[in-house]
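What follows is the content of run09.pdb (PDB, C-alpha atoms).
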ATOM      1  CA  MET A   1     113.799 112.617 111.116
ATOM      2  CA  THR A   2     115.990 115.424 109.801
ATOM      3  CA  ASN A   3     115.144 117.610 112.778
ATOM      4  CA  LEU A   4     116.064 114.784 115.165
ATOM      5  CA  VAL A   5     119.443 114.281 113.500
ATOM      6  CA  GLY A   6     120.090 118.018 113.542
ATOM      7  CA  LEU A   7     119.147 118.203 117.218
ATOM      8  CA  VAL A   8     121.473 115.333 118.113
ATOM      9  CA  LEU A   9     124.368 116.859 116.162
ATOM     10  CA  GLN A  10     123.806 120.305 117.699
ATOM     11  CA  THR A  11     123.457 119.094 121.294
ATOM     12  CA  PHE A  12     126.307 116.571 121.174
ATOM     13  CA  PRO A  13     128.955 119.116 122.291
ATOM     14  CA  LEU A  14     126.647 120.373 125.062
ATOM     15  CA  ILE A  15     126.289 116.958 126.692
ATOM     16  CA  GLY A  16     130.023 116.462 127.037
ATOM     17  CA  GLY A  17     130.502 114.847 123.668
ATOM     18  CA  GLY A  18     133.090 117.211 122.262
ATOM     19  CA  SER A  19     133.320 118.487 118.715
ATOM     20  CA  LEU A  20     131.477 117.227 115.680
ATOM     21  CA  GLY A  21     134.638 115.452 114.525
ATOM     22  CA  GLU A  22     134.712 113.542 117.806
ATOM     23  CA  PHE A  23     131.073 112.563 117.253
ATOM     24  CA  PHE A  24     131.901 111.011 113.904
ATOM     25  CA  GLY A  25     135.039 109.446 115.356
ATOM     26  CA  ARG A  26     133.176 107.927 118.289
ATOM     27  CA  TYR A  27     130.320 106.532 116.199
ATOM     28  CA  ASN A  28     132.391 105.702 113.116
ATOM     29  CA  ASP A  29     131.513 101.997 113.107
ATOM     30  CA  LEU A  30     127.802 102.732 113.399
ATOM     31  CA  ILE A  31     127.895 105.343 110.646
ATOM     32  CA  VAL A  32     130.038 103.232 108.308
ATOM     33  CA  TYR A  33     127.509 100.385 108.405
ATOM     34  CA  THR A  34     124.282 102.383 108.689
ATOM     35  CA  ILE A  35     124.640 104.687 105.687
ATOM     36  CA  PRO A  36     125.412 101.948 103.107
ATOM     37  CA  PHE A  37     122.660  99.783 104.638
ATOM     38  CA  ILE A  38     120.070 102.549 104.253
ATOM     39  CA  LEU A  39     121.263 103.374 100.717
ATOM     40  CA  ILE A  40     121.141  99.767  99.491
ATOM     41  CA  PHE A  41     117.774  99.171 101.163
ATOM     42  CA  ALA A  42     116.269 102.316  99.626
ATOM     43  CA  VAL A  43     117.496 101.488  96.114
ATOM     44  CA  VAL A  44     116.314  97.852  96.240
ATOM     45  CA  TYR A  45     112.979  98.778  97.802
ATOM     46  CA  GLY A  46     112.432 101.563  95.267
ATOM     47  CA  ILE A  47     113.185  99.255  92.334
ATOM     48  CA  LEU A  48     110.871  96.534  93.651
ATOM     49  CA  TYR A  49     108.125  99.057  94.413
ATOM     50  CA  LYS A  50     108.364 100.687  90.984
ATOM     51  CA  ALA A  51     108.570  97.369  89.100
ATOM     52  CA  LYS A  52     105.594  95.957  91.068
ATOM     53  CA  ILE A  53     107.051  92.445  90.874
ATOM     54  CA  PHE A  54     105.103  91.450  93.986
ATOM     55  CA  GLY A  55     102.117  93.660  93.264
ATOM     56  CA  GLU A  56     101.228  96.264  95.864
ATOM     57  CA  ASN A  57     102.697  94.223  98.748
ATOM     58  CA  LYS A  58     105.064  96.705 100.424
ATOM     59  CA  GLY A  59     105.899  94.242 103.197
ATOM     60  CA  VAL A  60     107.513  91.751 100.820
ATOM     61  CA  ASN A  61     109.422  94.567  99.114
ATOM     62  CA  ALA A  62     110.674  95.790 102.499
ATOM     63  CA  ILE A  63     111.753  92.306 103.631
ATOM     64  CA  ILE A  64     113.644  91.714 100.383
ATOM     65  CA  GLY A  65     115.227  95.171 100.599
ATOM     66  CA  LEU A  66     116.302  94.605 104.214
ATOM     67  CA  SER A  67     117.664  91.154 103.374
ATOM     68  CA  ILE A  68     119.692  92.317 100.397
ATOM     69  CA  ALA A  69     121.026  95.338 102.302
ATOM     70  CA  GLY A  70     122.050  93.128 105.228
ATOM     71  CA  LEU A  71     123.689  90.494 103.013
ATOM     72  CA  ALA A  72     125.523  93.174 101.008
ATOM     73  CA  LEU A  73     127.232  94.398 104.188
ATOM     74  CA  TRP A  74     128.016  90.938 105.545
ATOM     75  CA  GLU A  75     131.583  90.634 104.283
ATOM     76  CA  GLY A  76     132.554  94.300 104.358
ATOM     77  CA  SER A  77     133.731  94.679 100.762
ATOM     78  CA  VAL A  78     130.729  96.900  99.953
ATOM     79  CA  ILE A  79     131.739  99.278 102.737
ATOM     80  CA  GLN A  80     135.310  99.354 101.446
ATOM     81  CA  PHE A  81     134.098 100.079  97.923
ATOM     82  CA  PHE A  82     131.734 102.823  99.142
ATOM     83  CA  SER A  83     134.655 104.398 101.023
ATOM     84  CA  VAL A  84     136.533 104.559  97.709
ATOM     85  CA  ILE A  85     133.863 105.537  95.172
ATOM     86  CA  PHE A  86     131.925 108.246  97.023
ATOM     87  CA  PRO A  87     134.914 110.510  97.781
ATOM     88  CA  ASN A  88     135.863 110.229  94.084
ATOM     89  CA  LEU A  89     132.263 111.012  93.132
ATOM     90  CA  GLY A  90     132.320 114.093  95.372
ATOM     91  CA  ILE A  91     135.442 115.337  93.606
ATOM     92  CA  ALA A  92     133.838 114.717  90.201
ATOM     93  CA  ILE A  93     130.702 116.636  91.220
ATOM     94  CA  ALA A  94     132.866 119.569  92.347
ATOM     95  CA  VAL A  95     134.728 119.542  89.001
ATOM     96  CA  LEU A  96     131.422 119.336  87.105
ATOM     97  CA  LEU A  97     130.067 122.269  89.112
ATOM     98  CA  GLY A  98     133.165 124.280  88.191
ATOM     99  CA  MET A  99     132.576 123.369  84.537
ATOM    100  CA  VAL A 100     128.947 124.544  84.801
ATOM    101  CA  ILE A 101     130.111 127.870  86.224
ATOM    102  CA  LEU A 102     132.762 128.339  83.531
ATOM    103  CA  LEU A 103     130.362 127.423  80.727
ATOM    104  CA  GLY A 104     127.764 129.735  82.246
ATOM    105  CA  LEU A 105     130.188 132.637  81.896
ATOM    106  CA  PHE A 106     130.551 132.178  78.148
ATOM    107  CA  MET A 107     127.374 130.393  76.980
ATOM    108  CA  SER A 108     123.643 130.654  77.394
ATOM    109  CA  PHE A 109     122.001 127.347  78.258
ATOM    110  CA  GLU A 110     118.568 128.743  77.360
ATOM    111  CA  LYS A 111     119.400 129.781  73.793
ATOM    112  CA  SER A 112     121.506 126.810  72.708
ATOM    113  CA  ASN A 113     121.915 123.135  73.509
ATOM    114  CA  ILE A 114     125.666 123.191  72.903
ATOM    115  CA  GLY A 115     126.437 123.904  76.552
ATOM    116  CA  SER A 116     124.206 121.048  77.677
ATOM    117  CA  ILE A 117     125.800 118.685  75.168
ATOM    118  CA  ILE A 118     129.289 119.678  76.334
ATOM    119  CA  LEU A 119     128.248 119.161  79.963
ATOM    120  CA  PHE A 120     126.703 115.784  79.151
ATOM    121  CA  PHE A 121     129.852 114.442  77.507
ATOM    122  CA  PHE A 122     132.046 115.981  80.203
ATOM    123  CA  ALA A 123     129.867 114.345  82.895
ATOM    124  CA  MET A 124     130.087 111.000  81.081
ATOM    125  CA  LEU A 125     133.880 111.338  80.939
ATOM    126  CA  LEU A 126     134.019 112.229  84.632
ATOM    127  CA  GLY A 127     131.747 109.286  85.454
ATOM    128  CA  LEU A 128     134.031 106.932  83.547
ATOM    129  CA  ILE A 129     137.079 108.354  85.331
ATOM    130  CA  VAL A 130     135.372 107.956  88.735
ATOM    131  CA  ILE A 131     134.421 104.350  88.004
ATOM    132  CA  LEU A 132     137.837 103.381  86.630
ATOM    133  CA  SER A 133     139.696 105.207  89.395
ATOM    134  CA  SER A 134     137.512 103.665  92.091
ATOM    135  CA  LEU A 135     137.937 100.176  90.704
ATOM    136  CA  SER A 136     141.677 100.774  90.448
ATOM    137  CA  ASP A 137     141.898 101.986  94.061
ATOM    138  CA  TYR A 138     139.773  99.057  95.169
ATOM    139  CA  ASN A 139     142.365  96.645  93.675
ATOM    140  CA  TRP A 140     139.834  95.097  91.326
ATOM    141  CA  TRP A 141     141.916  95.655  88.198
ATOM    142  CA  GLY A 142     144.676  93.322  89.343
ATOM    143  CA  SER A 143     142.428  90.265  89.440
ATOM    144  CA  TYR A 144     142.697  87.369  87.020
ATOM    145  CA  TRP A 145     139.194  88.077  85.732
ATOM    146  CA  TRP A 146     140.391  91.260  83.996
ATOM    147  CA  GLN A 147     143.440  89.507  82.624
ATOM    148  CA  ASN A 148     141.248  86.816  81.062
ATOM    149  CA  TRP A 149     138.181  88.792  79.984
ATOM    150  CA  GLY A 150     139.098  92.503  80.007
ATOM    151  CA  GLY A 151     140.099  92.712  76.333
ATOM    152  CA  LEU A 152     136.991  90.844  75.205
ATOM    153  CA  LEU A 153     134.808  93.136  77.299
ATOM    154  CA  ILE A 154     136.372  96.269  75.796
ATOM    155  CA  ILE A 155     135.979  94.922  72.240
ATOM    156  CA  GLY A 156     132.350  94.013  72.986
ATOM    157  CA  LEU A 157     131.641  97.513  74.312
ATOM    158  CA  ILE A 158     133.203  99.082  71.219
ATOM    159  CA  ILE A 159     131.056  96.880  68.953
ATOM    160  CA  ILE A 160     127.902  97.744  70.910
ATOM    161  CA  ILE A 161     128.688 101.472  70.702
ATOM    162  CA  VAL A 162     129.371 101.328  66.949
ATOM    163  CA  VAL A 163     126.194  99.329  66.264
ATOM    164  CA  GLY A 164     124.192 101.726  68.440
ATOM    165  CA  ILE A 165     125.541 104.733  66.563
ATOM    166  CA  LEU A 166     124.790 103.116  63.190
ATOM    167  CA  MET A 167     121.263 102.246  64.262
ATOM    168  CA  ALA A 168     120.614 105.720  65.640
ATOM    169  CA  THR A 169     121.811 107.517  62.526
ATOM    170  CA  GLY A 170     119.791 105.460  60.012
ATOM    171  CA  LYS A 171     116.830 107.373  58.567
ATOM    172  CA  GLN A 172     113.507 105.668  57.968
ATOM    173  CA  THR A 173     110.907 106.616  55.424
ATOM    174  CA  GLY A 174     107.373 105.355  55.483
ATOM    175  CA  LYS A 175     106.000 103.033  58.102
ATOM    176  CA  PRO A 176     108.777 101.179  59.939
ATOM    177  CA  SER A 177     108.414  97.437  60.303
ATOM    178  CA  ARG A 178     108.625  95.651  63.597
ATOM    179  CA  TYR A 179     112.197  94.636  62.732
ATOM    180  CA  SER A 180     113.395  98.152  61.933
ATOM    181  CA  PHE A 181     115.621  98.155  65.003
ATOM    182  CA  LEU A 182     117.689  95.393  63.352
ATOM    183  CA  VAL A 183     117.829  96.876  59.847
ATOM    184  CA  PRO A 184     117.461 100.668  60.085
ATOM    185  CA  ASN A 185     116.714 101.288  56.383
ATOM    186  CA  GLU A 186     114.315  98.377  55.842
ATOM    187  CA  GLY A 187     111.287 100.669  55.501
ATOM    188  CA  SER A 188     112.866 102.558  52.576
ATOM    189  CA  ARG A 189     113.041  99.460  50.292
ATOM    190  CA  GLY A 190     109.325  99.594  49.563
ATOM    191  CA  GLU A 191     108.398  96.303  51.221
TER     192      GLU A 191
END

What's the structure tokens form of this structure?
Amino acid sequence: MTNLVGLVLQTFPLIGGGSLGEFFGRYNDLIVYTIPFILIFAVVYGILYKAKIFGENKGVNAIIGLSIAGLALWEGSVIQFFSVIFPNLGIAIAVLLGMVILLGLFMSFEKSNIGSIILFFFAMLLGLIVILSSLSDYNWWGSYWWQNWGGLLIIGLIIIIVVGILMATGKQTGKPSRYSFLVPNEGSRGE
């Protein structure tokens, strides 16, 4: 498949098609719908295949994947969102690559985990910026949903993060009970 695409792209100028930019300009509508369709289908099919909800029946997984991919592109808002988020993601990947190069100049990733930890948190920050920027560019922030529920959502996320940190930092001694995820230090009371 890759060789066929490469052959088409290389021979397009030879058959009177013009430059590569003209190729993408001429087939813009086809490309704009095909790439998101293939991406959504592949993700849905992969999830269904891995989860084995329908057993080993690949046909049912493929039909569901095709249906969801087709329905996702019906209105066109998915295509608009993809046209916003993926350029932002490309910029974030370029910034992260620059960060890897700069950290590589001053740190050894093999001897210490500090560089990896810095990269992880920097990547999480970039991911948050990409998501917030993409949603902002997509005009999702101005909806009434965020005005009604945005504050509650942010407070809920803060509570979940704090509880997760408290649960992760609790030390257990002895055999943990089956409820140790609710009360981190329950095993240390001698029950």

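What separates CA of Leu96 in chain A from CA of Ala123 in chain A is a distance of 6.7 Å.
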
Among the residues A:Asn61, A:Ser83, A:Gln147, A:Ser67, the one that comes closest to Leu48 in chain A [using all atoms listed in the file]: A:Asn61

For Leu30 in chain A, the nearest of the candidates A:Val95, A:Ile79, A:Phe120, A:Ser136, counting all atoms listed in the file: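 Using all atoms listed in the file, Leu30 in chain A sits closest to A:Ile79.
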
Gap from CA of Phe41 in chain A to CA of Val78 in chain A - Å, one decimal: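 If I compute the distance from CA of Phe41 in chain A to CA of Val78 in chain A, I get 13.2 Å.
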
Which of A:Phe106, A:Phe54, A:Phe37, A:Tyr45 sits closest to Phe82 in chain A [using only C-alpha atoms]: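 For Phe82 in chain A, the nearest of the candidates is A:Phe37.
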
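Interatomic distance, CA of Glu56 in chain A against CA of Val43 in chain A: 17.1 Å.
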
Near-Ile118 in chain A list (12 Å; all atoms listed in the file; drop same-chain fewer than 2 positions) as a list in words: Leu96, Met99, Val100, Leu102, Leu103, Gly104, Met107, Phe109, Ser112, Asn113, Ile114, Gly115, Ser116, Phe120, Phe121, Phe122, Ala123, Met124 and Leu125 of chain A

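Every protein, DNA or RNA residue with an atom at most 12 Å from Phe86 in chain A, where all atoms listed in the file count and chain neighbours fewer than 4 positions away do not, is listed here: Ile35, Pro36, Val78, Ile79, Gln80, Phe81, Phe82, Gly90, Ile91, Ala92, Ile93, Gly127, Val130, Ile131, Ser133, Ser134 and Leu135 of chain A.
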